[in-house]
Amino acid sequence: MNILVINAGSSSLKYQLLNPETQQVLAKGLCERIGIDGKFTYKPEGKEAIKEADVAMPTHNEAIKAVLDALVDSKNGVIGSMKEIDAVGHRVVHGGEKFAKSVLITNEVMAAIEECNPLAPLHNPANIIGIKACQALMPSTPMVAVFDTAFHQTMPAAAYMYALPYEYYENDKVRRYGFHGTSHKYVTQRAAAMLGKPIEELKLISCHLGNGSSIAAVDGGKSVDTSMGFTPLAGLPMGTRCGDIDAGILQYLMNKYSMDINQMLNVLNKKSGVEGLSCVSSDFRDLENAAAEGNEKAGLAQKKFAYEVKKFVGAYAAAMGGADAIIFTAGVGENDKVVRAMVCEGLEYMGVELDATSNDVRGKEAVISASSSKVKVLLIPTNEELMIAIDTAALAK
Ligand code: AMP
């Protein structure tokens, strides 16, 4: 079964054609600068990536058309015809409280996704454009929506409610939703396979540490808490996002510097995090190099990040009454042994013993704790596309 996975942004579109049963990726790539000057990247399995500039892509429709043309191209295509695409899986950022699972897309589902637009105004409208563009070109192919928020819909009210007047929840849907759900779901399922135990018997702490970062407490395969909140600004400090801060800071800075709320949010979303703190970069590779050269702010940004991750690990062990494993995934989690070591240092009291030699690994599944470690520490590369394809195949059947 071949599944086309689409992740549509406002001016970009990532795609992958894969077989979820064999996990074979037939082709993948990226359309960028849609509506501007159209850049197209296409990488068929086993061949060099093909890159084209100035491709006419005024809308997402032309972008999807370029993807389909490339997939069936007589020279570099990977399938004979579009009929070999059995279903399309769309990443949708926000499913609100309506979607606790992936769903087959119908007119009613489209309307319900549109109702979630106010909760993710930068992302959901772009996801919807991607779905409509595919529907226009492949009207008889089943389409599935896979939501970033769905996995976290199992959180109990004590975890998802904010201590705000209740009416803001009732009338305005203000609550913790959480994001990166597809990634947390995938790595926790892989963790159960690596540990050789049913997921129902495991308490897992999943650390998705990338440019955007979140942690999830997953008890028996169900998310019971997560660090991102109503928006992806909450929780850990990130590349350029501040994470949790005292809400009172907003009033103080806005008054002092005559900023309006949009200017303030721009600072919190785009100028904060490890970049804001280090005055160096949002990229952990740059922080490590700068810290090694004696840049104190870069060192502080790294320490602050690892400290906050460690605090969430402790909090989630408390929330679940223990932990069987801590999982590291995404760009930083998969590649940065220094950050992983900083997070685990001092957690010996709760049974976490990182093994320095095993931790010297990048980008592949590995147990990186000592054999005597009561709590296992796992490195698991995330694979959101595969998770989307698996859900899509199951629903399309
Ligand atoms: P993601 O959002 O999951 O794609 O992660 C991207 C981030 O991963 C980058 O901004 C870097 O901070 C981090 N990263 C990628 N490669 C490495 C590496 N080799 N060492 C440390 N951090 C890395």
# chains A, B, ... in the order shown; residues from 1 in each chain; ligands from 1

call {"tool": "closest_atom_pairs", "arguments": {"of": "chain A", "to": "ligand 1", "cutoff": "7 Å", "atoms": "only C-alpha atoms and all ligand atoms", "output": "CSV"}}
result
residue,atom,partner,partner_atom_place_in_ligand_line,distance
A:Leu209,CA,ligand 1,3 (O),6.5
A:Gly210,CA,ligand 1,5 (O),3.5
A:Asn211,CA,ligand 1,2 (O),3.7
A:Gly212,CA,ligand 1,2 (O),5.6
A:Gly239,CA,ligand 1,10 (O),6.6
A:Ser282,CA,ligand 1,10 (O),6.1
A:Asp283,CA,ligand 1,12 (O),3.5
A:Phe284,CA,ligand 1,12 (O),3.8
A:Arg285,CA,ligand 1,21 (C),4.5
A:Ala330,CA,ligand 1,3 (O),3.9
A:Gly331,CA,ligand 1,8 (O),3.2
A:Val332,CA,ligand 1,13 (C),4.2
A:Asn335,CA,ligand 1,18 (C),4.6
A:Asp336,CA,ligand 1,21 (C),4.3

call {"tool": "select_by_dssp", "arguments": {"residues": "range 3-150 of chain A", "states": "strand (DSSP E)", "output": "PyMOL selection string"}}
result
chain A and resi 3-8+13-19+24-32+39-44+50-52+87-92+103-104+143-147

call {"tool": "select_by_dssp", "arguments": {"residues": "range 121-319 of chain A", "states": "helix (DSSP H, G or I)", "output": "MDAnalysis selection string"}}
result
chainID A and resid 124:137 150:154 157:160 166:172 181:195 199:201 248:257 261:270 273:278 284:292 296:319

call {"tool": "residues_around", "arguments": {"residues": "His123 in chain A", "least_positions_apart": "4", "cutoff": "8 Å", "atoms": "only C-alpha atoms", "output": "PyMOL selection string"}}
result
chain A and resi 9-10+92-94+117+127

call {"tool": "write_last_selection", "arguments": {"atoms": "all heavy atoms", "output": "PDB file, in the first residue's frame"}}
result
ATOM      1  N   GLY A   9       2.313  23.792   4.850  1.00  0.00           N
ATOM      2  CA  GLY A   9       2.427  25.046   5.588  1.00  0.00           C
ATOM      3  C   GLY A   9       1.893  26.170   4.719  1.00  0.00           C
ATOM      4  O   GLY A   9       1.399  25.925   3.611  1.00  0.00           O
ATOM      5  N   SER A  10       2.012  27.422   5.200  1.00  0.00           N
ATOM      6  CA  SER A  10       1.404  28.518   4.450  1.00  0.00           C
ATOM      7  C   SER A  10       2.098  28.738   3.106  1.00  0.00           C
ATOM      8  O   SER A  10       1.443  29.028   2.111  1.00  0.00           O
ATOM      9  CB  SER A  10       1.401  29.792   5.277  1.00  0.00           C
ATOM     10  OG  SER A  10       2.709  30.071   5.697  1.00  0.00           O
ATOM     11  N   VAL A  92      -2.463  17.591  10.268  1.00  0.00           N
ATOM     12  CA  VAL A  92      -3.252  18.765  10.657  1.00  0.00           C
ATOM     13  C   VAL A  92      -2.843  19.120  12.077  1.00  0.00           C
ATOM     14  O   VAL A  92      -2.780  18.247  12.949  1.00  0.00           O
ATOM     15  CB  VAL A  92      -4.771  18.471  10.580  1.00  0.00           C
ATOM     16  CG1 VAL A  92      -5.578  19.687  11.007  1.00  0.00           C
ATOM     17  CG2 VAL A  92      -5.164  18.055   9.165  1.00  0.00           C
ATOM     18  N   VAL A  93      -2.494  20.386  12.294  1.00  0.00           N
ATOM     19  CA  VAL A  93      -1.938  20.753  13.595  1.00  0.00           C
ATOM     20  C   VAL A  93      -2.981  20.659  14.703  1.00  0.00           C
ATOM     21  O   VAL A  93      -2.752  20.019  15.721  1.00  0.00           O
ATOM     22  CB  VAL A  93      -1.279  22.146  13.546  1.00  0.00           C
ATOM     23  CG1 VAL A  93      -0.981  22.665  14.949  1.00  0.00           C
ATOM     24  CG2 VAL A  93       0.024  22.058  12.757  1.00  0.00           C
ATOM     25  N   HIS A  94      -4.157  21.269  14.505  1.00  0.00           N
ATOM     26  CA  HIS A  94      -5.078  21.370  15.633  1.00  0.00           C
ATOM     27  C   HIS A  94      -6.408  20.681  15.382  1.00  0.00           C
ATOM     28  O   HIS A  94      -7.107  21.000  14.435  1.00  0.00           O
ATOM     29  CB  HIS A  94      -5.347  22.849  15.954  1.00  0.00           C
ATOM     30  CG  HIS A  94      -5.400  23.114  17.431  1.00  0.00           C
ATOM     31  ND1 HIS A  94      -6.271  22.458  18.258  1.00  0.00           N
ATOM     32  CD2 HIS A  94      -4.683  23.948  18.229  1.00  0.00           C
ATOM     33  CE1 HIS A  94      -6.080  22.885  19.502  1.00  0.00           C
ATOM     34  NE2 HIS A  94      -5.122  23.793  19.510  1.00  0.00           N
ATOM     35  N   ASN A 117      -9.739  26.424  13.369  1.00  0.00           N
ATOM     36  CA  ASN A 117      -8.801  27.429  12.849  1.00  0.00           C
ATOM     37  C   ASN A 117      -8.406  28.501  13.868  1.00  0.00           C
ATOM     38  O   ASN A 117      -7.221  28.838  13.961  1.00  0.00           O
ATOM     39  CB  ASN A 117      -9.359  28.109  11.598  1.00  0.00           C
ATOM     40  CG  ASN A 117      -9.182  27.250  10.357  1.00  0.00           C
ATOM     41  OD1 ASN A 117      -8.663  26.140  10.450  1.00  0.00           O
ATOM     42  ND2 ASN A 117      -9.610  27.753   9.219  1.00  0.00           N
ATOM     43  N   ASN A 127      -3.059  23.807   6.405  1.00  0.00           N
ATOM     44  CA  ASN A 127      -3.335  22.370   6.311  1.00  0.00           C
ATOM     45  C   ASN A 127      -4.586  22.133   5.465  1.00  0.00           C
ATOM     46  O   ASN A 127      -4.635  21.217   4.637  1.00  0.00           O
ATOM     47  CB  ASN A 127      -3.538  21.752   7.699  1.00  0.00           C
ATOM     48  CG  ASN A 127      -2.350  21.931   8.644  1.00  0.00           C
ATOM     49  OD1 ASN A 127      -2.530  22.005   9.855  1.00  0.00           O
ATOM     50  ND2 ASN A 127      -1.150  22.016   8.110  1.00  0.00           N
TER      51      ASN A 127
END

call {"tool": "residues_around", "arguments": {"residues": "Asp225 in chain A", "least_positions_apart": "5", "cutoff": "10 Å", "atoms": "only C-alpha atoms", "output": "list in words"}}
result
His152, Gln153, Thr154, Met155, Pro156, Ala157, Ala158, Ala159, Tyr160, Arg176, Tyr177, Gly178, Ile205, Ile215, Ala216, Ala217, Val218, Asp219, Ala315, Tyr316, Ala319 and Met320 of chain A

call {"tool": "atom_distance", "arguments": {"atom1": "CA of Ile85 in chain A", "atom2": "CA of Lys132 in chain A"}}
result
16.8 Å

call {"tool": "residues_around", "arguments": {"residues": "Met264 in chain A", "least_positions_apart": "6", "cutoff": "9 Å", "atoms": "only C-alpha atoms", "output": "VMD selection string"}}
result
chain A and resid 250 253 to 254

call {"tool": "write_last_selection", "arguments": {"atoms": "N, CA and C atoms", "output": "PDB file, in the first residue's frame"}}
result
ATOM      1  N   LEU A 250       4.642  40.244  30.782  1.00  0.00           N
ATOM      2  CA  LEU A 250       4.084  40.872  29.579  1.00  0.00           C
ATOM      3  C   LEU A 250       3.666  42.311  29.860  1.00  0.00           C
ATOM      4  N   LEU A 253       6.811  44.623  30.514  1.00  0.00           N
ATOM      5  CA  LEU A 253       7.601  44.987  29.317  1.00  0.00           C
ATOM      6  C   LEU A 253       6.783  45.795  28.316  1.00  0.00           C
ATOM      7  N   MET A 254       5.512  45.448  28.174  1.00  0.00           N
ATOM      8  CA  MET A 254       4.670  46.183  27.214  1.00  0.00           C
ATOM      9  C   MET A 254       4.520  47.640  27.638  1.00  0.00           C
TER      10      MET A 254
END

call {"tool": "residues_around", "arguments": {"residues": "range 187-203 of chain A", "least_positions_apart": "4", "cutoff": "12 Å", "atoms": "only C-alpha atoms", "output": "JSON list (two decimals) with C-alpha atoms, in the first residue's frame"}}
result
[["chain", "number", "residue", "atom", "x", "y", "z"],
["A", 151, "PHE", "CA", -2.74, 11.96, 21.13],
["A", 180, "HIS", "CA", 3.93, 16.87, 18.72],
["A", 181, "GLY", "CA", 1.37, 14.14, 19.49],
["A", 182, "THR", "CA", 2.24, 12.09, 16.40],
["A", 183, "SER", "CA", 5.90, 12.05, 17.44],
["A", 207, "CYS", "CA", 11.29, 14.21, 25.35],
["A", 208, "HIS", "CA", 10.81, 15.65, 21.84],
["A", 215, "ILE", "CA", 7.73, 16.53, 26.82],
["A", 216, "ALA", "CA", 4.88, 14.10, 27.37],
["A", 217, "ALA", "CA", 4.02, 11.80, 30.25],
["A", 218, "VAL", "CA", 2.65, 8.63, 28.66],
["A", 219, "ASP", "CA", 1.09, 6.12, 31.07],
["A", 220, "GLY", "CA", -0.08, 2.83, 29.59],
["A", 221, "GLY", "CA", 0.16, 4.26, 26.06],
["A", 222, "LYS", "CA", -1.99, 7.29, 26.91],
["A", 223, "SER", "CA", -0.77, 10.87, 27.20],
["A", 224, "VAL", "CA", -1.53, 12.07, 30.74],
["A", 225, "ASP", "CA", 0.31, 15.39, 30.60],
["A", 313, "VAL", "CA", 11.17, 14.69, 33.81],
["A", 316, "TYR", "CA", 6.16, 13.68, 35.11],
["A", 317, "ALA", "CA", 7.72, 10.86, 37.16],
["A", 318, "ALA", "CA", 5.78, 12.34, 40.10],
["A", 319, "ALA", "CA", 2.60, 12.65, 38.00],
["A", 320, "MET", "CA", 2.75, 8.99, 36.93],
["A", 321, "GLY", "CA", 4.14, 7.54, 40.19],
["A", 322, "GLY", "CA", 7.44, 6.57, 38.53],
["A", 323, "ALA", "CA", 8.88, 5.97, 35.10],
["A", 324, "ASP", "CA", 10.12, 2.91, 33.25],
["A", 325, "ALA", "CA", 11.98, 4.87, 30.57],
["A", 326, "ILE", "CA", 12.96, 8.32, 29.38],
["A", 327, "ILE", "CA", 12.99, 8.75, 25.59],
["A", 328, "PHE", "CA", 15.04, 11.33, 23.68],
["A", 329, "THR", "CA", 13.94, 12.24, 20.17],
["A", 330, "ALA", "CA", 13.96, 15.02, 17.48],
["A", 333, "GLY", "CA", 17.34, 14.69, 21.46],
["A", 334, "GLU", "CA", 18.67, 12.44, 18.69],
["A", 365, "GLU", "CA", 17.64, 3.60, 18.09],
["A", 366, "ALA", "CA", 19.73, 2.78, 21.13],
["A", 367, "VAL", "CA", 19.51, 2.06, 24.85],
["A", 375, "VAL", "CA", 14.84, 3.63, 34.49],
["A", 376, "LYS", "CA", 15.97, 2.94, 30.92],
["A", 377, "VAL", "CA", 17.11, 5.84, 28.77],
["A", 378, "LEU", "CA", 16.35, 5.42, 25.07],
["A", 379, "LEU", "CA", 17.33, 7.29, 21.93],
["A", 380, "ILE", "CA", 14.59, 6.86, 19.32],
["A", 381, "PRO", "CA", 14.60, 8.84, 16.04],
["A", 382, "THR", "CA", 11.10, 10.14, 15.49],
["A", 383, "ASN", "CA", 9.20, 9.31, 12.31],
["A", 384, "GLU", "CA", 6.01, 11.34, 12.10],
["A", 386, "LEU", "CA", 5.53, 6.79, 9.11],
["A", 387, "MET", "CA", 3.04, 7.26, 11.96]]

call {"tool": "closest_residue", "arguments": {"among": "A:Asn19, A:Asn359, A:Val309, A:Lys297", "to": "Asp86 in chain A", "atoms": "only C-alpha atoms"}}
result
A:Asn19

call {"tool": "residues_around", "arguments": {"residues": "Pro237 in chain A", "least_positions_apart": "4", "cutoff": "8 Å", "atoms": "only C-alpha atoms", "output": "count of residues only"}}
result
9
